[in-house]
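Engineer: My questions will all concern the structure given below.
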Amino acid sequence: MHTESSEGLTLPGLVLSGPDLIELDATAVRASVDLVAQLTPADLTRPTPCAGWTLHGLLAHMTTQHYGFAAAAAGRESLGPWRLRRPGPDPARDYRDAAGTVLAAFFADGVLAREFALPEITSRQRFPAAQAISFHFIDYVVHSWDVARTLGLPVIFGPGLLATARGVASQVPAGDARLRPGAAFAPPVPWPVPEPGCGGLDEIVALLGRNPAWPS
């Protein structure tokens, strides 16, 4: 992914400011919080579109990633905040707290002038803030879809958010990297491009290796 600076993100046909990206990320995260709030304890054993993960495992991952990105936004470099946090007796509350932590970190003054250490991705470089936040943003667009599909609930994003997410998704490296153990995304799934004006969330998740027809 190419960035113009730590304040802006350049994507094909799209120039997005850092503050705009933070707002879109917050929209995706809040959607995920609203969805998670609707689960019941019995739902935690449900399979998800993330191969090999139940909803319990997916929530552990999502919660952990929020704390990891919040630590990165604050300038921390260690792997400690990225260690898996399993949900407690109230997983929806745990998840809401984690989401609040990362949103506060991203909205902090001066965050867009920083570089993020993301040791789960690489220890060899730092990432401009806007680029790092774009990673978090696309994860939570897709994870909102994951949770919604698992629970049989709708998730609806506006056209501006979907256009940005489509641009970010198109920049995620493909090829053998997607076949490695622990890869964030699987190889793309063939899926028809939507007609102009139609929702593009299915196309986005397909680009990132999810089957929009899951669980069929």
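We label chains A, B, ... in the order they appear in the structure tokens, count residues from 1 in each chain, and number ligands from 1 in the order shown.
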Taking the DSSP assignment computed from this structure's backbone, write out as a list in words all residues of range 5-63 of chain A that belong to strand (DSSP E).
Structural biologist: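 Put together, the selection reads Gly8, Leu9, Thr10, Leu11, Leu14, Val15, Leu16 and Ser17 of chain A.
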Engineer: At most 10 Å is the cut-off: for each residue in range 115-180 of chain A with any atom that close to an atom of range 64-82 of chain A, write down the nearest atom pair and the distance in Å rounded to one decimal, counting only C-alpha atoms, chain first then increasing number, as JSON lines.
Structural biologist:
{"residue": "A:Glu115", "atom": "CA", "partner": "A:Gly75", "partner_atom": "CA", "distance": 7.7}
{"residue": "A:Phe116", "atom": "CA", "partner": "A:Ala72", "partner_atom": "CA", "distance": 5.1}
{"residue": "A:Ala117", "atom": "CA", "partner": "A:Glu77", "partner_atom": "CA", "distance": 5.3}
{"residue": "A:Leu118", "atom": "CA", "partner": "A:Ala72", "partner_atom": "CA", "distance": 6.6}
{"residue": "A:Pro119", "atom": "CA", "partner": "A:Leu79", "partner_atom": "CA", "distance": 6.2}
{"residue": "A:Glu120", "atom": "CA", "partner": "A:Leu79", "partner_atom": "CA", "distance": 7.4}
{"residue": "A:Ser123", "atom": "CA", "partner": "A:Glu77", "partner_atom": "CA", "distance": 8.8}
{"residue": "A:Arg126", "atom": "CA", "partner": "A:Glu77", "partner_atom": "CA", "distance": 9.4}
{"residue": "A:Phe127", "atom": "CA", "partner": "A:Ala72", "partner_atom": "CA", "distance": 9.8}
{"residue": "A:Ala129", "atom": "CA", "partner": "A:Ala73", "partner_atom": "CA", "distance": 7.6}
{"residue": "A:Ala132", "atom": "CA", "partner": "A:Phe69", "partner_atom": "CA", "distance": 8.4}
{"residue": "A:Ile133", "atom": "CA", "partner": "A:Phe69", "partner_atom": "CA", "distance": 8.2}
{"residue": "A:Phe135", "atom": "CA", "partner": "A:Phe69", "partner_atom": "CA", "distance": 9.7}
{"residue": "A:His136", "atom": "CA", "partner": "A:Phe69", "partner_atom": "CA", "distance": 7.6}
{"residue": "A:Asp139", "atom": "CA", "partner": "A:Gln65", "partner_atom": "CA", "distance": 9.5}
{"residue": "A:Tyr140", "atom": "CA", "partner": "A:His66", "partner_atom": "CA", "distance": 9.8}
Engineer: Could you pull the residues within 10 Å of Thr48 in chain A, counting only C-alpha atoms, minus those fewer than 3 positions along the same chain, as an mmCIF file with C-alpha atoms, in the first residue's frame?
Structural biologist:
data_model
loop_
_atom_site.group_PDB
_atom_site.id
_atom_site.type_symbol
_atom_site.label_atom_id
_atom_site.label_comp_id
_atom_site.auth_asym_id
_atom_site.auth_seq_id
_atom_site.Cartn_x
_atom_site.Cartn_y
_atom_site.Cartn_z
ATOM 1 C CA LEU A 44 -19.907 -18.490 21.226
ATOM 2 C CA THR A 45 -19.531 -22.053 19.903
ATOM 3 C CA ALA A 51 -11.793 -20.969 8.939
ATOM 4 C CA GLY A 52 -11.130 -22.884 12.150
ATOM 5 C CA TRP A 53 -12.509 -20.197 14.475
ATOM 6 C CA THR A 54 -15.656 -20.301 16.516
ATOM 7 C CA LEU A 55 -17.218 -16.989 17.489
ATOM 8 C CA HIS A 56 -15.374 -17.267 20.814
ATOM 9 C CA GLY A 57 -12.035 -17.487 18.985
ATOM 10 C CA LEU A 58 -12.925 -14.662 16.625
ATOM 11 C CA HIS A 143 -14.869 -8.804 10.954
ATOM 12 C CA ASP A 146 -17.939 -12.177 9.943
ATOM 13 C CA VAL A 147 -19.906 -11.573 13.141
ATOM 14 C CA ALA A 148 -23.051 -10.558 11.294
ATOM 15 C CA ARG A 149 -22.969 -13.662 9.130
ATOM 16 C CA THR A 150 -22.275 -15.888 12.140
ATOM 17 C CA LEU A 151 -25.262 -14.490 14.021
ATOM 18 C CA TRP A 214 -21.063 -18.624 3.588
ATOM 19 C CA PRO A 215 -22.141 -21.012 5.092
#
Engineer: Nearest residue to Asp90 in chain A out of A:Ala108, A:Ala37, A:Val141, A:Val102, using only C-alpha atoms?
Structural biologist: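 Answer, going by the shortest atom-to-atom distance: A:Ala37.
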Engineer: Ranking A:Thr122, A:Ser170, A:Gln38, A:Asn211 by minimum distance to Gly152 in chain A and counting only C-alpha atoms, which one comes first?
Structural biologist: A:Gln38
Engineer: May I ask which of the residues A:Val29, A:Ile156, A:Val142, A:Leu112 is the closest one to Ser17 in chain A, counting only C-alpha atoms?
Structural biologist: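 With only C-alpha atoms as the atom set, the closest residue is A:Leu112.
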Engineer: Could you give me the residues within range 66-215 of chain A that DSSP places in alpha helix (DSSP H), as a VMD selection string?
Structural biologist: chain A and resid 66 to 73 91 to 106 129 to 151 159 to 170 201 to 207
Engineer: Let's have the selection written as a JSON list (two decimals), in the first residue's frame, with C-alpha atoms.
Structural biologist:
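Wrote it out as result_20.json, contents follow:
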[["chain", "number", "residue", "atom", "x", "y", "z"],
["A", 66, "HIS", "CA", -7.86, -3.55, 19.37],
["A", 67, "TYR", "CA", -5.46, -3.49, 22.30],
["A", 68, "GLY", "CA", -2.49, -4.11, 20.04],
["A", 69, "PHE", "CA", -3.34, -1.24, 17.71],
["A", 70, "ALA", "CA", -4.09, 1.03, 20.67],
["A", 71, "ALA", "CA", -0.63, 0.29, 22.04],
["A", 72, "ALA", "CA", 0.93, 0.95, 18.64],
["A", 73, "ALA", "CA", -0.88, 4.30, 18.41],
["A", 91, "PRO", "CA", -17.55, -11.17, 26.21],
["A", 92, "ALA", "CA", -19.71, -8.38, 24.79],
["A", 93, "ARG", "CA", -18.56, -6.02, 27.55],
["A", 94, "ASP", "CA", -14.94, -7.11, 27.13],
["A", 95, "TYR", "CA", -15.20, -6.42, 23.42],
["A", 96, "ARG", "CA", -16.87, -3.04, 23.94],
["A", 97, "ASP", "CA", -14.10, -2.01, 26.33],
["A", 98, "ALA", "CA", -11.41, -3.03, 23.85],
["A", 99, "ALA", "CA", -13.14, -1.13, 21.06],
["A", 100, "GLY", "CA", -13.37, 1.98, 23.23],
["A", 101, "THR", "CA", -9.66, 1.74, 23.96],
["A", 102, "VAL", "CA", -8.60, 1.67, 20.32],
["A", 103, "LEU", "CA", -11.00, 4.41, 19.29],
["A", 104, "ALA", "CA", -9.67, 6.68, 22.03],
["A", 105, "ALA", "CA", -6.12, 5.91, 20.90],
["A", 106, "PHE", "CA", -6.85, 6.72, 17.25],
["A", 129, "ALA", "CA", -0.27, 6.19, 11.03],
["A", 130, "ALA", "CA", -2.75, 6.43, 8.16],
["A", 131, "GLN", "CA", -1.45, 3.21, 6.64],
["A", 132, "ALA", "CA", -1.59, 1.36, 9.96],
["A", 133, "ILE", "CA", -5.12, 2.61, 10.63],
["A", 134, "SER", "CA", -6.14, 1.45, 7.15],
["A", 135, "PHE", "CA", -5.06, -2.08, 8.17],
["A", 136, "HIS", "CA", -7.28, -1.87, 11.25],
["A", 137, "PHE", "CA", -10.14, -0.37, 9.24],
["A", 138, "ILE", "CA", -10.29, -3.13, 6.63],
["A", 139, "ASP", "CA", -10.02, -5.80, 9.34],
["A", 140, "TYR", "CA", -13.08, -4.45, 11.13],
["A", 141, "VAL", "CA", -15.16, -4.01, 8.01],
["A", 142, "VAL", "CA", -14.53, -7.70, 7.33],
["A", 143, "HIS", "CA", -14.87, -8.80, 10.95],
["A", 144, "SER", "CA", -18.19, -6.96, 11.23],
["A", 145, "TRP", "CA", -19.34, -9.04, 8.28],
["A", 146, "ASP", "CA", -17.94, -12.18, 9.94],
["A", 147, "VAL", "CA", -19.91, -11.57, 13.14],
["A", 148, "ALA", "CA", -23.05, -10.56, 11.29],
["A", 149, "ARG", "CA", -22.97, -13.66, 9.13],
["A", 150, "THR", "CA", -22.27, -15.89, 12.14],
["A", 151, "LEU", "CA", -25.26, -14.49, 14.02],
["A", 159, "PRO", "CA", -21.29, 3.86, -0.02],
["A", 160, "GLY", "CA", -18.39, 6.10, 1.03],
["A", 161, "LEU", "CA", -17.13, 3.59, 3.57],
["A", 162, "LEU", "CA", -17.52, 0.74, 1.09],
["A", 163, "ALA", "CA", -15.64, 2.64, -1.62],
["A", 164, "THR", "CA", -12.76, 3.23, 0.78],
["A", 165, "ALA", "CA", -12.79, -0.37, 1.97],
["A", 166, "ARG", "CA", -12.78, -1.59, -1.63],
["A", 167, "GLY", "CA", -9.74, 0.56, -2.32],
["A", 168, "VAL", "CA", -7.88, -0.73, 0.74],
["A", 169, "ALA", "CA", -8.84, -4.35, 0.01],
["A", 170, "SER", "CA", -7.53, -4.06, -3.54],
["A", 201, "LEU", "CA", -19.55, -5.57, 0.88],
["A", 202, "ASP", "CA", -19.76, -9.03, -0.68],
["A", 203, "GLU", "CA", -17.14, -8.05, -3.23],
["A", 204, "ILE", "CA", -14.86, -6.72, -0.51],
["A", 205, "VAL", "CA", -15.01, -9.86, 1.62],
["A", 206, "ALA", "CA", -14.50, -12.00, -1.49],
["A", 207, "LEU", "CA", -11.37, -10.02, -2.39]]
Engineer: Please indicate the distance in Å from CA of Asp25 in chain A to CA of Val111 in chain A, rounded to one decimal place.
Structural biologist: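 Computing it gives 14.1 Å between the two atoms.
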Engineer: Mind giving me the straight-line distance from CA of Pro188 in chain A to CA of Arg210 in chain A in Å, one decimal?
Structural biologist: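 Value for the CA of Pro188 in chain A-CA of Arg210 in chain A distance: 7.4 Å.
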